[in-house]
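Peer 1: So here's target-v6.cif, just mmCIF, C-alpha atoms and all ligand atoms:
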data_my_file
#
loop_
_atom_site.group_PDB
_atom_site.id
_atom_site.type_symbol
_atom_site.label_atom_id
_atom_site.label_comp_id
_atom_site.auth_asym_id
_atom_site.auth_seq_id
_atom_site.Cartn_x
_atom_site.Cartn_y
_atom_site.Cartn_z
ATOM 1 C CA MET L 1 -33.391 -1.974 0.372
ATOM 2 C CA SER L 2 -33.407 0.835 2.866
ATOM 3 C CA GLY L 3 -30.014 2.249 3.688
ATOM 4 C CA SER L 4 -29.889 0.813 7.152
ATOM 5 C CA ASN L 5 -26.466 -0.645 6.556
ATOM 6 C CA SER L 6 -23.934 1.834 7.871
ATOM 7 C CA ASN L 7 -21.069 -0.171 6.511
ATOM 8 C CA HIS L 8 -19.150 1.578 3.742
ATOM 9 C CA ASN L 9 -17.983 -1.664 2.362
ATOM 10 C CA PRO L 10 -18.654 -2.449 -1.265
ATOM 11 C CA HIS L 11 -17.532 -6.035 -1.025
ATOM 12 C CA ASN L 12 -18.794 -6.794 2.435
ATOM 13 C CA LEU L 13 -15.294 -7.521 3.613
ATOM 14 C CA PRO L 14 -14.348 -7.178 7.269
ATOM 15 C CA THR L 15 -12.509 -4.061 8.320
ATOM 16 C CA LYS L 16 -10.801 -2.803 11.432
ATOM 17 C CA PRO L 17 -8.965 0.373 12.375
ATOM 18 C CA CYS L 18 -5.216 0.684 12.024
ATOM 19 C CA VAL L 19 -3.763 0.901 15.528
ATOM 20 C CA GLU L 20 -1.326 3.576 14.362
ATOM 21 C CA CYS L 21 -3.360 6.006 12.290
ATOM 22 C CA GLY L 22 -6.918 4.807 12.794
ATOM 23 C CA ARG L 23 -7.694 4.309 9.125
ATOM 24 C CA ALA L 24 -9.852 1.352 8.247
ATOM 25 C CA ILE L 25 -7.967 -1.699 7.133
ATOM 26 C CA THR L 26 -9.894 -3.814 4.683
ATOM 27 C CA TRP L 27 -9.508 -7.548 4.736
ATOM 28 C CA ARG L 28 -7.280 -8.966 2.042
ATOM 29 C CA LYS L 29 -6.968 -12.469 0.846
ATOM 30 C CA LYS L 30 -3.281 -12.589 1.721
ATOM 31 C CA TRP L 31 -4.286 -11.956 5.324
ATOM 32 C CA GLN L 32 -6.893 -14.673 5.477
ATOM 33 C CA ARG L 33 -4.715 -16.783 7.758
ATOM 34 C CA ASP L 34 -3.555 -14.062 10.086
ATOM 35 C CA TRP L 35 -6.161 -11.324 9.908
ATOM 36 C CA ASP L 36 -6.148 -11.299 13.701
ATOM 37 C CA SER L 37 -2.526 -10.242 13.766
ATOM 38 C CA VAL L 38 -2.911 -7.490 11.167
ATOM 39 C CA LYS L 39 -2.719 -4.199 13.001
ATOM 40 C CA PHE L 40 -1.436 -1.660 10.515
ATOM 41 C CA CYS L 41 -2.868 -0.318 7.275
ATOM 42 C CA SER L 42 0.548 -0.020 5.708
ATOM 43 C CA GLU L 43 4.228 -0.686 6.104
ATOM 44 C CA ALA L 44 4.705 2.974 7.014
ATOM 45 C CA CYS L 45 2.418 2.628 10.009
ATOM 46 C CA ARG L 46 4.082 -0.583 11.071
ATOM 47 C CA LYS L 47 7.479 1.082 11.024
ATOM 48 C CA ARG L 48 6.249 4.161 12.821
ATOM 49 C CA SER L 49 4.778 2.059 15.569
ATOM 50 C CA LYS L 50 7.895 -0.058 15.818
ATOM 51 C CA SER L 51 10.247 2.885 16.031
ATOM 52 C CA ARG L 52 8.123 4.301 18.795
ATOM 53 C CA GLU L 53 8.400 1.074 20.711
ATOM 54 C CA THR L 54 12.126 0.765 20.188
ATOM 55 C CA GLY L 55 14.067 1.070 23.393
ATOM 56 C CA ARG L 56 11.251 -0.251 25.539
ATOM 57 C CA LYS L 57 10.818 -3.709 26.907
HETATM 58 ZN ZN ZN L 101 -2.198 3.184 9.466
#
Translate the structure of the given file into structure tokens.
Ligand SMILES: [Zn+2]

Peer 2:
Amino acid sequence: MSGSNSNHNPHNLPTKPCVECGRAITWRKKWQRDWDSVKFCSEACRKRSKSRETGRK
């Protein structure tokens, strides 16, 4: 019971940083099938990233 766990995660769920703003995204059940493809913490970040990419490719 020493605080050697540096994870700020009350439920022990996986997290990863949002590719747009860098905030931690916490795993959600609705993402259980495509957690790998989750890249944004919110719709706002998804749109921001998309609008930045628009016109390329
Ligand atoms: Zn974000």

Peer 1: CA of Phe40 (chain L) and atom ZN of ligand ZN 101 (chain L), how far apart in Å?

Peer 2: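 Between these atoms lies a distance of 5.0 Å.
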
Peer 1: Taking 4 positions as the minimum chain separation for residues in the same chain, which residues sit within 7 Å of region 23-28 of chain L when counting only C-alpha atoms? Answer as a PyMOL selection string.

Peer 2: chain L and resi 13-18+32+41

Peer 1: Hey, which of L:Thr54, L:Asn12, L:Asp36, L:Val19 ends up closest to ligand ZN 101 (chain L)? Count all atoms listed in the file.

Peer 2: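 Among the listed residues, the smallest separation from ligand ZN 101 (chain L) belongs to L:Val19.
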
Peer 1: Provide the CA of Ser49 (chain L) to atom ZN of ligand ZN 101 (chain L) distance in Å, to one decimal place.

Peer 2: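 Computing the Euclidean distance for CA of Ser49 (chain L) and atom ZN of ligand ZN 101 (chain L) yields 9.3 Å.
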
Peer 1: Could you jot down the CA of Ala44 (chain L) to atom ZN of ligand ZN 101 (chain L) separation for me, Å, one decimal place?

Peer 2: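 Atom-to-atom, CA of Ala44 (chain L) and atom ZN of ligand ZN 101 (chain L) are spaced 7.3 Å apart.
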
Peer 1: Determine the nearest neighbour of ligand ZN 101 (chain L) from the options L:Trp35, L:His11, L:Glu43, L:Lys29, counting only C-alpha atoms and all ligand atoms.

Peer 2: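 Closest to ligand ZN 101 (chain L), using only C-alpha atoms and all ligand atoms: L:Glu43.
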
Peer 1: Would you please work out which residue, of L:Cys45, L:Lys30, L:Ser37, L:Ser51, is nearest to ligand ZN 101 (chain L) when using all atoms listed in the file?

Peer 2: L:Cys45
